[in-house]
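*Asks:* Enclosed is the structure file entry16.tsv (TSV, C-alpha atoms and all ligand atoms).
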chain	number	residue	atom	x	y	z
A	453	MET	CA	143.09	140.40	31.53
A	454	GLN	CA	146.32	140.90	33.44
A	455	PHE	CA	146.47	142.49	36.88
A	456	ARG	CA	149.18	144.89	35.74
A	457	ASP	CA	149.43	145.09	31.96
A	458	LEU	CA	153.02	145.97	31.03
A	459	LYS	CA	152.84	144.86	27.41
A	460	THR	CA	150.72	147.73	26.09
A	461	GLN	CA	153.23	150.22	27.44
A	462	TYR	CA	156.12	148.28	25.91
A	463	ARG	CA	154.44	148.24	22.50
A	464	LEU	CA	154.11	152.02	22.63
A	465	LEU	CA	157.66	152.69	23.83
A	466	LYS	CA	159.33	149.77	22.04
A	467	ASP	CA	161.48	151.81	19.65
A	468	ASP	CA	163.05	153.91	22.39
A	469	ILE	CA	163.42	151.06	24.87
A	470	ASP	CA	164.98	148.71	22.32
A	471	ALA	CA	167.35	151.44	21.09
A	472	GLY	CA	168.38	152.17	24.67
A	473	ILE	CA	169.09	148.51	25.41
A	474	GLU	CA	171.10	148.14	22.22
A	475	ALA	CA	173.18	151.22	22.96
A	476	VAL	CA	174.11	149.87	26.39
A	477	ILE	CA	175.12	146.51	24.96
A	478	GLU	CA	177.17	148.27	22.26
A	479	SER	CA	178.93	150.38	24.90
A	480	SER	CA	179.53	147.43	27.27
A	481	ALA	CA	179.20	149.87	30.19
A	482	PHE	CA	176.89	147.55	32.08
A	483	ILE	CA	177.71	148.87	35.55
A	484	LEU	CA	177.22	152.57	36.32
A	485	GLY	CA	177.19	153.58	32.66
A	486	LYS	CA	176.22	157.07	31.59
A	487	GLU	CA	172.49	156.20	31.47
A	488	VAL	CA	172.59	155.64	35.25
A	489	SER	CA	173.79	159.14	36.06
A	490	GLU	CA	171.48	160.64	33.45
A	491	LEU	CA	168.54	158.84	35.07
A	492	GLU	CA	169.63	159.84	38.58
A	493	ASP	CA	169.70	163.51	37.52
A	494	LYS	CA	166.27	163.28	35.91
A	495	LEU	CA	164.75	161.48	38.89
A	496	ALA	CA	166.15	164.01	41.36
A	497	ALA	CA	164.78	166.86	39.25
A	498	TYR	CA	161.39	165.20	38.93
A	499	VAL	CA	160.87	164.67	42.66
A	500	GLY	CA	162.56	167.96	43.53
A	501	ARG	CA	165.58	166.76	45.48
A	502	LYS	CA	169.26	167.54	45.30
A	503	TYR	CA	170.55	163.96	45.20
A	504	CYS	CA	169.41	160.64	43.79
A	505	ILE	CA	171.42	157.47	44.31
A	506	SER	CA	170.09	154.50	42.35
A	507	CYS	CA	170.52	150.93	43.56
A	508	GLY	CA	169.48	147.33	43.06
A	509	SER	CA	165.96	147.35	44.57
A	510	GLY	CA	163.56	149.25	46.77
A	511	THR	CA	164.52	146.98	49.64
A	512	ALA	CA	168.21	147.77	49.13
A	513	ALA	CA	167.30	151.46	49.02
A	514	LEU	CA	165.63	151.13	52.44
A	515	THR	CA	168.62	149.24	53.78
A	516	LEU	CA	171.04	151.89	52.48
A	517	ALA	CA	168.91	154.67	53.99
A	518	LEU	CA	168.85	152.92	57.37
A	519	MET	CA	172.59	152.16	57.23
A	520	SER	CA	173.29	155.82	56.54
A	521	ILE	CA	171.64	156.80	59.82
A	522	ASP	CA	173.40	153.96	61.66
A	523	ALA	CA	170.19	152.11	62.53
A	524	GLY	CA	170.96	148.81	64.21
A	525	PRO	CA	170.65	146.73	67.36
A	526	GLY	CA	168.92	148.59	70.18
A	527	ASP	CA	167.00	150.87	67.83
A	528	ALA	CA	163.26	151.05	67.26
A	529	VAL	CA	162.13	151.85	63.72
A	530	PHE	CA	158.44	152.71	63.40
A	531	VAL	CA	156.67	151.14	60.44
A	532	PRO	CA	152.99	150.96	59.48
A	533	ASP	CA	151.42	147.56	60.07
A	534	LEU	CA	149.79	147.49	56.62
A	535	THR	CA	152.62	147.48	54.07
A	536	TYR	CA	154.84	145.20	52.06
A	537	ALA	CA	157.22	143.20	54.27
A	538	ALA	CA	160.29	145.00	52.87
A	539	THR	CA	159.52	148.16	54.86
A	540	ALA	CA	160.00	146.29	58.14
A	541	GLU	CA	162.54	143.71	57.02
A	542	ALA	CA	165.02	146.37	55.98
A	543	ALA	CA	165.11	147.46	59.62
A	544	ALA	CA	165.05	143.93	61.06
A	545	VAL	CA	167.89	142.65	58.89
A	546	LEU	CA	170.14	145.37	60.35
A	547	GLY	CA	169.25	144.25	63.88
A	548	ALA	CA	166.84	147.11	64.60
A	549	VAL	CA	163.34	146.31	65.85
A	550	PRO	CA	160.41	147.25	63.60
A	551	VAL	CA	157.74	148.69	65.87
A	552	PHE	CA	154.43	148.68	64.06
A	553	THR	CA	151.83	151.44	64.08
A	554	ASP	CA	148.18	151.19	63.20
A	555	ILE	CA	146.84	152.76	60.01
A	556	ASP	CA	144.41	155.57	59.37
A	557	PRO	CA	140.98	153.96	58.73
A	558	PHE	CA	140.31	156.10	55.62
A	559	THR	CA	143.62	156.41	53.76
A	560	TYR	CA	145.17	153.15	55.10
A	561	ASN	CA	148.43	155.06	55.56
A	562	MET	CA	150.31	155.30	58.85
A	563	SER	CA	148.20	156.78	61.65
A	564	PRO	CA	150.07	159.75	63.18
A	565	GLU	CA	148.18	159.18	66.46
A	566	SER	CA	149.22	155.54	66.65
A	567	LEU	CA	152.78	156.58	65.79
A	568	GLU	CA	152.90	158.86	68.81
A	569	ILE	CA	151.38	156.18	71.07
A	570	GLN	CA	153.99	153.65	69.94
A	571	ILE	CA	156.88	156.10	70.37
A	572	ARG	CA	155.73	156.82	73.93
A	573	LYS	CA	155.39	153.13	74.67
A	574	VAL	CA	158.93	152.43	73.48
A	575	THR	CA	160.23	155.39	75.47
A	576	GLU	CA	158.47	154.25	78.64
A	577	GLU	CA	159.66	150.66	78.29
A	578	ASP	CA	163.17	152.02	77.92
A	579	LYS	CA	164.59	148.98	76.14
A	580	LEU	CA	164.95	150.44	72.68
A	581	VAL	CA	165.94	153.86	71.40
A	582	PRO	CA	163.38	155.42	69.03
A	583	LYS	CA	165.50	156.01	65.93
A	584	ALA	CA	163.47	156.48	62.79
A	585	VAL	CA	160.03	156.31	61.28
A	586	ILE	CA	159.31	154.87	57.84
A	587	PRO	CA	155.96	156.19	56.60
A	588	VAL	CA	154.77	154.38	53.48
A	589	ASP	CA	153.04	156.07	50.53
A	590	LEU	CA	150.62	153.16	50.31
A	591	PHE	CA	148.93	152.41	46.97
A	592	GLY	CA	150.39	155.66	45.55
A	593	GLN	CA	149.03	158.23	48.00
A	594	PRO	CA	151.65	160.05	50.08
A	595	ALA	CA	151.40	159.41	53.81
A	596	ASP	CA	150.05	162.22	55.99
A	597	TYR	CA	153.35	164.08	56.31
A	598	ASP	CA	151.60	167.24	57.57
A	599	SER	CA	150.92	165.30	60.78
A	600	ILE	CA	153.76	162.77	60.81
A	601	LEU	CA	156.69	165.17	60.37
A	602	PRO	CA	155.85	167.20	63.51
A	603	VAL	CA	155.60	163.99	65.58
A	604	ALA	CA	158.97	162.80	64.26
A	605	LYS	CA	160.50	166.17	65.04
A	606	LYS	CA	159.05	166.24	68.55
A	607	TYR	CA	160.74	162.93	69.41
A	608	GLY	CA	163.91	163.47	67.38
A	609	LEU	CA	163.28	160.69	64.85
A	610	LYS	CA	164.70	160.57	61.34
A	611	VAL	CA	162.05	160.18	58.63
A	612	ILE	CA	162.65	157.69	55.85
A	613	GLU	CA	159.88	157.89	53.28
A	614	ASP	CA	159.04	154.55	51.67
A	615	GLY	CA	157.86	155.81	48.31
A	616	ALA	CA	158.15	152.40	46.61
A	617	GLN	CA	154.48	152.70	45.62
A	618	GLY	CA	154.32	156.47	45.80
A	619	PHE	CA	156.51	157.72	42.95
A	620	GLY	CA	154.56	160.42	41.10
A	621	GLY	CA	152.19	161.22	43.96
A	622	SER	CA	152.20	164.63	45.57
A	623	ILE	CA	150.93	166.90	48.32
A	624	ARG	CA	150.18	170.44	47.13
A	625	ASP	CA	152.78	170.37	44.33
A	626	LYS	CA	155.46	168.76	46.48
A	627	LYS	CA	156.29	165.37	45.03
A	628	ALA	CA	156.51	162.02	46.77
A	629	CYS	CA	160.11	161.04	47.56
A	630	SER	CA	160.74	164.57	48.82
A	631	PHE	CA	159.12	164.24	52.25
A	632	GLY	CA	161.65	162.24	54.26
A	633	ASP	CA	165.09	163.23	55.47
A	634	ILE	CA	165.78	160.35	53.14
A	635	SER	CA	163.24	158.92	50.69
A	636	ILE	CA	163.29	155.79	48.59
A	637	THR	CA	161.46	154.29	45.67
A	638	SER	CA	161.37	150.96	43.85
A	639	PHE	CA	161.44	150.18	40.13
A	640	PHE	CA	160.02	146.68	40.54
A	641	PRO	CA	158.10	146.09	37.27
A	642	SER	CA	154.61	146.61	38.69
A	643	LYS	CA	155.34	149.84	40.60
A	644	PRO	CA	154.14	153.17	39.18
A	645	LEU	CA	157.55	153.61	37.50
A	646	GLY	CA	158.88	150.11	36.88
A	647	CYS	CA	161.89	148.69	35.06
A	648	TYR	CA	162.35	145.19	33.60
A	649	GLY	CA	163.79	143.58	36.70
A	650	ASP	CA	164.76	144.85	40.13
A	651	GLY	CA	165.80	148.43	40.78
A	652	GLY	CA	165.46	151.22	43.29
A	653	ALA	CA	166.65	154.68	44.30
A	654	VAL	CA	167.38	156.79	47.36
A	655	PHE	CA	166.74	160.54	47.51
A	656	THR	CA	168.02	163.19	49.89
A	657	ASP	CA	168.97	166.87	50.03
A	658	ASP	CA	171.87	166.27	52.40
A	659	GLU	CA	175.23	166.09	50.69
A	660	GLY	CA	176.93	164.05	53.42
A	661	THR	CA	174.13	161.47	53.41
A	662	ALA	CA	174.25	161.24	49.62
A	663	ARG	CA	178.00	160.66	49.68
A	664	ARG	CA	177.74	158.02	52.36
A	665	ILE	CA	174.98	156.16	50.49
A	666	ARG	CA	177.05	156.24	47.28
A	667	SER	CA	179.85	154.64	49.22
A	668	LEU	CA	177.59	152.16	51.04
A	669	ARG	CA	176.10	150.86	47.79
A	670	ALA	CA	179.64	149.97	46.68
A	671	LEU	CA	180.76	148.01	49.76
A	672	GLY	CA	181.71	151.15	51.63
A	673	ARG	CA	184.49	152.15	49.25
A	674	SER	CA	186.22	155.47	49.65
A	675	GLU	CA	185.40	158.21	47.16
A	676	GLU	CA	188.97	158.41	45.88
A	677	ASN	CA	190.01	154.79	45.71
A	678	LYS	CA	187.85	151.86	44.69
A	679	TYR	CA	190.04	149.43	46.63
A	680	CYS	CA	190.03	151.40	49.82
A	681	ASN	CA	187.08	150.46	52.03
A	682	VAL	CA	186.17	152.87	54.76
A	683	GLU	CA	183.21	150.94	56.18
A	684	THR	CA	181.12	147.85	55.46
A	685	GLY	CA	178.43	148.39	52.88
A	686	ILE	CA	176.52	146.31	50.39
A	687	ASN	CA	176.85	145.74	46.65
A	688	SER	CA	173.72	147.22	45.15
A	689	ARG	CA	173.61	149.25	41.96
A	690	LEU	CA	171.05	149.87	39.25
A	691	ASP	CA	172.09	148.09	36.05
A	692	THR	CA	172.80	150.42	33.14
A	693	LEU	CA	170.34	148.33	31.11
A	694	GLN	CA	167.59	149.10	33.60
A	695	ALA	CA	168.46	152.81	33.55
A	696	ALA	CA	168.21	152.78	29.74
A	697	ILE	CA	164.78	151.14	30.04
A	698	LEU	CA	163.67	153.63	32.68
A	699	LEU	CA	164.61	156.77	30.72
A	700	PRO	CA	161.84	156.52	28.08
A	701	LYS	CA	159.46	155.16	30.72
A	702	LEU	CA	160.05	158.20	32.93
A	703	ARG	CA	159.31	160.44	29.96
A	704	ALA	CA	155.99	158.68	29.32
A	705	PHE	CA	155.21	158.78	33.04
A	706	GLU	CA	155.71	162.53	33.15
A	707	GLU	CA	154.04	163.29	29.83
A	708	TYR	CA	150.82	161.30	30.11
A	709	GLU	CA	150.82	158.16	32.27
A	710	LEU	CA	150.26	159.84	35.64
A	711	GLU	CA	147.34	161.79	34.27
A	712	ALA	CA	145.92	158.75	32.50
A	713	VAL	CA	146.04	156.54	35.56
A	714	ASN	CA	144.25	159.23	37.55
A	715	ARG	CA	141.49	159.24	34.92
A	716	VAL	CA	141.14	155.47	35.29
A	717	ALA	CA	140.89	155.78	39.08
A	718	ALA	CA	138.28	158.55	38.81
A	719	ARG	CA	136.17	156.41	36.50
A	720	TYR	CA	136.32	153.46	38.93
A	721	THR	CA	135.33	155.69	41.84
A	722	ASP	CA	132.50	157.29	39.95
A	723	ARG	CA	130.97	153.91	39.22
A	724	LEU	CA	131.71	152.08	42.48
A	725	LYS	CA	131.30	154.71	45.19
A	726	GLU	CA	127.65	153.91	45.98
A	727	SER	CA	128.31	150.23	46.58
A	728	PHE	CA	131.83	150.00	48.00
A	729	VAL	CA	134.17	152.11	50.07
A	730	THR	CA	136.33	153.69	47.37
A	731	PRO	CA	139.81	155.18	48.00
A	732	ALA	CA	139.93	158.38	50.08
A	733	ILE	CA	142.44	160.83	48.64
A	734	LEU	CA	143.04	163.72	51.03
A	735	PRO	CA	142.46	167.30	49.81
A	736	GLY	CA	145.57	168.59	48.06
A	737	PHE	CA	146.95	165.05	47.64
A	738	ILE	CA	147.50	163.25	44.34
A	739	SER	CA	147.98	159.51	44.11
A	740	SER	CA	150.02	157.70	41.49
A	741	TRP	CA	147.72	154.68	41.89
A	742	ALA	CA	150.12	151.83	42.43
A	743	GLN	CA	146.89	150.08	43.45
A	744	TYR	CA	143.19	150.85	43.30
A	745	SER	CA	141.73	149.24	46.42
A	746	ILE	CA	138.14	149.10	47.56
A	747	LEU	CA	136.63	147.87	50.81
A	748	CYS	CA	133.88	145.27	50.72
A	749	LYS	CA	131.33	144.97	53.53
A	750	ASP	CA	133.12	141.95	54.93
A	751	GLY	CA	135.35	139.02	54.04
A	752	THR	CA	132.44	137.01	52.62
A	753	GLU	CA	131.47	139.74	50.18
A	754	ARG	CA	135.12	140.07	49.18
A	755	GLU	CA	135.41	136.35	48.50
A	756	GLU	CA	132.28	136.37	46.35
A	757	LEU	CA	133.41	139.44	44.44
A	758	GLN	CA	136.85	137.98	43.81
A	759	LYS	CA	135.26	134.78	42.52
A	760	ARG	CA	132.79	136.59	40.27
A	761	LEU	CA	135.57	138.66	38.71
A	762	LYS	CA	137.86	135.67	38.32
A	763	GLU	CA	135.15	133.78	36.41
A	764	GLN	CA	135.23	136.64	33.90
A	765	ASP	CA	139.03	136.50	33.70
A	766	ILE	CA	139.56	139.60	35.84
A	767	PRO	CA	142.33	139.16	38.40
A	768	THR	CA	142.27	140.88	41.79
A	769	MET	CA	144.75	140.99	44.66
A	770	ILE	CA	144.58	141.37	48.42
A	771	TYR	CA	147.03	144.00	49.66
A	772	TYR	CA	147.57	142.91	52.36
A	773	PRO	CA	145.93	139.83	53.86
A	774	LYS	CA	147.21	140.64	57.36
A	775	GLY	CA	149.19	143.17	59.31
A	776	LEU	CA	152.95	142.63	59.46
A	777	HIS	CA	152.77	142.20	63.25
A	778	LYS	CA	151.07	138.86	62.51
A	779	GLN	CA	153.80	137.62	60.15
A	780	LYS	CA	156.01	134.80	61.36
A	781	ALA	CA	159.11	136.81	60.40
A	782	PHE	CA	158.33	139.29	63.18
A	783	GLU	CA	157.34	136.76	65.82
A	784	GLY	CA	159.05	137.03	69.14
A	785	TRP	CA	158.63	140.76	69.49
A	786	ASP	CA	155.87	141.88	71.74
A	787	TYR	CA	153.02	143.14	69.55
A	788	ALA	CA	149.46	143.46	70.88
A	789	ASP	CA	146.66	142.82	68.36
A	790	SER	CA	144.63	145.56	70.03
A	791	ASP	CA	147.18	148.16	68.82
A	792	PHE	CA	146.24	147.39	65.21
A	793	ALA	CA	142.43	147.49	65.10
A	794	ASN	CA	142.28	149.45	61.84
A	795	THR	CA	144.78	147.23	60.04
A	796	THR	CA	142.85	144.17	61.11
A	797	ALA	CA	139.50	145.59	59.97
A	798	VAL	CA	140.85	146.86	56.64
A	799	SER	CA	142.92	143.79	55.75
A	800	SER	CA	139.86	141.53	56.14
A	801	ARG	CA	137.83	143.57	53.61
A	802	ILE	CA	140.24	145.15	51.16
A	803	LEU	CA	140.51	144.18	47.50
A	804	SER	CA	142.66	145.67	44.74
A	805	LEU	CA	141.34	145.86	41.18
A	806	PRO	CA	143.43	145.96	37.99
A	807	ILE	CA	144.77	149.44	37.27
A	808	ASN	CA	147.30	150.95	34.89
A	809	PRO	CA	147.43	154.04	32.67
A	810	TYR	CA	146.44	152.02	29.61
A	811	LEU	CA	143.24	150.48	30.99
A	812	LYS	CA	140.45	151.40	28.57
A	813	ASP	CA	137.16	152.98	29.60
A	814	GLN	CA	135.27	149.91	28.36
A	815	GLU	CA	137.48	147.67	30.49
A	816	VAL	CA	136.85	149.74	33.61
A	817	ASP	CA	133.14	149.74	32.85
A	818	ARG	CA	133.11	145.98	32.38
A	819	ILE	CA	134.92	145.38	35.66
A	820	CYS	CA	132.50	147.69	37.46
A	821	GLU	CA	129.47	146.05	35.90
A	822	ILE	CA	130.60	142.64	37.11
A	823	ALA	CA	131.45	144.07	40.54
A	824	LEU	CA	128.02	145.69	40.81
A	825	ALA	CA	126.03	142.67	39.60
A	826	GLU	CA	124.75	140.67	42.55
A	901	LIG	C1	157.76	147.02	46.56
A	901	LIG	C2	157.93	147.64	47.86
A	901	LIG	C3	159.17	147.68	48.51
A	901	LIG	C4	160.37	146.93	48.03
A	901	LIG	O1	160.76	147.19	46.75
A	901	LIG	P1	161.60	146.09	45.94
A	901	LIG	O2	162.12	146.84	44.78
A	901	LIG	O3	160.64	145.01	45.55
A	901	LIG	O4	162.67	145.59	46.81
A	901	LIG	C5	159.26	148.36	49.70
A	901	LIG	N1	158.20	148.97	50.24
A	901	LIG	C6	156.99	148.94	49.66
A	901	LIG	C7	155.86	149.66	50.30
A	901	LIG	C8	156.80	148.27	48.45
A	901	LIG	O5	155.60	148.24	47.89
So that I can check it, write out the structure of this file as structure tokens.
*Replies:*
Amino acid sequence: MQFRDLKTQYRLLKDDIDAGIEAVIESSAFILGKEVSELEDKLAAYVGRKYCISCGSGTAALTLALMSIDAGPGDAVFVPDLTYAATAEAAAVLGAVPVFTDIDPFTYNMSPESLEIQIRKVTEEDKLVPKAVIPVDLFGQPADYDSILPVAKKYGLKVIEDGAQGFGGSIRDKKACSFGDISITSFFPSKPLGCYGDGGAVFTDDEGTARRIRSLRALGRSEENKYCNVETGINSRLDTLQAAILLPKLRAFEEYELEAVNRVAARYTDRLKESFVTPAILPGFISSWAQYSILCKDGTEREELQKRLKEQDIPTMIYYPKGLHKQKAFEGWDYADSDFANTTAVSSRILSLPINPYLKDQEVDRICEIALAE
């Protein structure tokens, strides 16, 4: 078994995907071809935003979003401790300081209480200016925007939603990638909506921001003249080939995949909830299940479970083995372990099981049987 089976989906969508690829090659419009703008329009409509600007990766999307608010040296950018490194690195690479927050012990998303504590700490220390917060829609469930947005507003922070794992999720009919002043997603192959390489997108409702990001993704060119550069940007666009691959995949995602993956998650939870801590989805929230993660009693139980599953050819992953504040890349900044008690507890016990919309009932049942056998 594969951790994220992409082949079944390809077999089902092969005709459309292959035709799309062929059409792009025939047209030779490899950069910013018509499929790119078609996809951008469809993505914006799907998440309910005015503007979508596609780019080369989720990381680039974060970088573009941060550049568009002029984040840089002297700025603090608040990031949850339990996330993929890109969330924090996008800030660090621009010279801003990622200030980590603890997570909520039930959803594993950013803790709004810890966010406020960290903002106050930065304000009191008076070395950095609180600039932005990047809540992450971890494992597919939107962060707790009902609580985070008021905190951000209170302290005048911009909100950049990292929806790399969250595409398709929602809170009361409002879709992920619509919660931040600027939101981003990633089309890395294993994300809820993945392409066949790297890709990403930025979303916003603000026309000026959208224009600036369009310019920034093309080295800061002016709107009128390609060879007139008005500021320094980066070169990061979504290949037309990837857009052509994403178009039929988005259709499948909307038509049945999101529903199917939720059925898989419900089946897991039904079978595992007595023996493990299963994912807590808040009332009114829908996850797109980038990951299905359970908590074991402790690290020893996790190790045994991982081994038992591996012996039966079932791969598992640990997202994430430690909080980002413990990564070497962020050494040198002053982080106190005691600020991240929930991240530390969760990262020592968490385990992600295989999930995708095409996982069969028998496969879920088999995985659960092995997990429950002691
Ligand atoms: C994958 C991911 C990213 C980065 O996306 P890439 O397309 O791989 O650059 C950023 N944030 C989170 C939470 C992710 O899971």
*Asks:* What's around region 751-754 of chain A at 12 Å? Count all atoms listed in the file, leave out sequence neighbours fewer than 4 positions away in its own chain, and write the answer as a list in words.
*Replies:*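 Near region 751-754 of chain A, the qualifying residues are Ser727, Phe728, Ser745, Ile746, Leu747, Gln758, Lys759, Arg760, Leu761, Thr768, Met769, Ile770, Pro773, Thr796, Ala797, Val798, Ser799, Ser800, Arg801, Ile802, Leu803, Ser804, Leu805, Ala823, Leu824 and Glu826 of chain A.
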*Asks:* For the atom pair CA of Glu576 (chain A) and CA of Asp589 (chain A), what is the interatomic distance in Å to one decimal place?
*Replies:*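 Taking CA of Glu576 (chain A) and CA of Asp589 (chain A), their separation equals 28.7 Å.
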*Asks:* Against ligand LIG 901 (chain A), which residues of chain A fall within 8 Å? For each one I want the closest pair of atoms and the distance in Å (one decimal), counting all atoms listed in the file, rows by chain and increasing residue number, as CSV.
*Replies:*
residue,atom,partner,partner_atom,distance
A:Gly508,CA,A:LIG901,O2,7.6
A:Ser509,CA,A:LIG901,O2,3.9
A:Gly510,CA,A:LIG901,O2,3.4
A:Thr511,CA,A:LIG901,O4,3.7
A:Ala512,CA,A:LIG901,O4,6.4
A:Ala513,CA,A:LIG901,O4,7.8
A:Leu514,CA,A:LIG901,C5,7.5
A:Thr535,CA,A:LIG901,C7,5.4
A:Tyr536,CA,A:LIG901,C7,4.9
A:Ala537,CA,A:LIG901,N1,7.1
A:Ala538,CA,A:LIG901,C5,4.7
A:Thr539,CA,A:LIG901,N1,4.9
A:Val588,CA,A:LIG901,C7,5.8
A:Asp589,CA,A:LIG901,C7,7.0
A:Leu590,CA,A:LIG901,C7,6.3
A:Phe591,CA,A:LIG901,O5,7.9
A:Asp614,CA,A:LIG901,N1,5.8
A:Gly615,CA,A:LIG901,C7,6.8
A:Ala616,CA,A:LIG901,C8,4.7
A:Gln617,CA,A:LIG901,O5,5.1
A:Thr637,CA,A:LIG901,O1,7.2
A:Ser638,CA,A:LIG901,O2,4.3
A:Phe639,CA,A:LIG901,O2,5.8
A:Phe640,CA,A:LIG901,O2,4.7
A:Lys643,CA,A:LIG901,C1,7.0
A:Asp650,CA,A:LIG901,O2,5.7
A:Gly651,CA,A:LIG901,O2,5.7
A:Gly652,CA,A:LIG901,O2,5.7
*Asks:* Report as an MDAnalysis selection string all protein, DNA and RNA residues lying within 9 Å of Val549 (chain A), evaluated on all atoms listed in the file, omitting residues in the same chain fewer than 6 positions from it.
*Replies:* chainID A and resid 524:530 540 543 580 785
*Asks:* Got a sec to check which residues sit within 6 Å of (174.1, 151.1, 46.8), counting all atoms listed in the file, and write them as a list in words?
*Replies:* Cys507, Arg666, Leu668, Arg669, Ala670, Ser688 and Arg689 of chain A
*Asks:* Report, in Å to a single decimal, how far apart CA of Ala712 (chain A) and CA of Leu465 (chain A) are.
*Replies:* 15.8 Å
*Asks:* Of the candidates A:Ala653, A:Ile505, A:Ala595, A:Ala544, which shows the shortest atom-to-atom distance to Ile623 (chain A), using all atoms listed in the file?
*Replies:* A:Ala595
*Asks:* Could you tell me which of A:Asp596, A:Glu478, A:Glu613, A:Asp813 comes closest to Ile636 (chain A) if we count all atoms listed in the file?
*Replies:* A:Glu613
*Asks:* For a quick check of understanding, using all atoms listed in the file, which of A:Lys749, A:Lys494, A:Lys502, A:Arg715 has the smallest distance to Asp657 (chain A)?
*Replies:*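 Of the candidates, the smallest distance to Asp657 (chain A) is held by A:Lys502.
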*Asks:* Using all atoms listed in the file, can you tell me which of A:Asp578, A:Asp817, A:Asp633, A:Glu568 comes closest to Val603 (chain A)?
*Replies:*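 The closest residue to Val603 (chain A) is A:Glu568.
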*Asks:* Quick one: which region 611-668 of chain A residues come within 9 Å of region 700-708 of chain A, and what is the nearest atom pair for each with the distance in Å to one decimal, counting all atoms listed in the file, rows ordered by chain and ascending number, as JSON lines?
*Replies:*
{"residue": "A:Gly620", "atom": "CA", "partner": "A:Phe705", "partner_atom": "CA", "distance": 8.3}
{"residue": "A:Pro644", "atom": "CA", "partner": "A:Phe705", "partner_atom": "CA", "distance": 8.4}
{"residue": "A:Leu645", "atom": "CA", "partner": "A:Leu702", "partner_atom": "CA", "distance": 6.9}
{"residue": "A:Gly646", "atom": "CA", "partner": "A:Lys701", "partner_atom": "CA", "distance": 8.0}
{"residue": "A:Cys647", "atom": "CA", "partner": "A:Lys701", "partner_atom": "CA", "distance": 8.2}
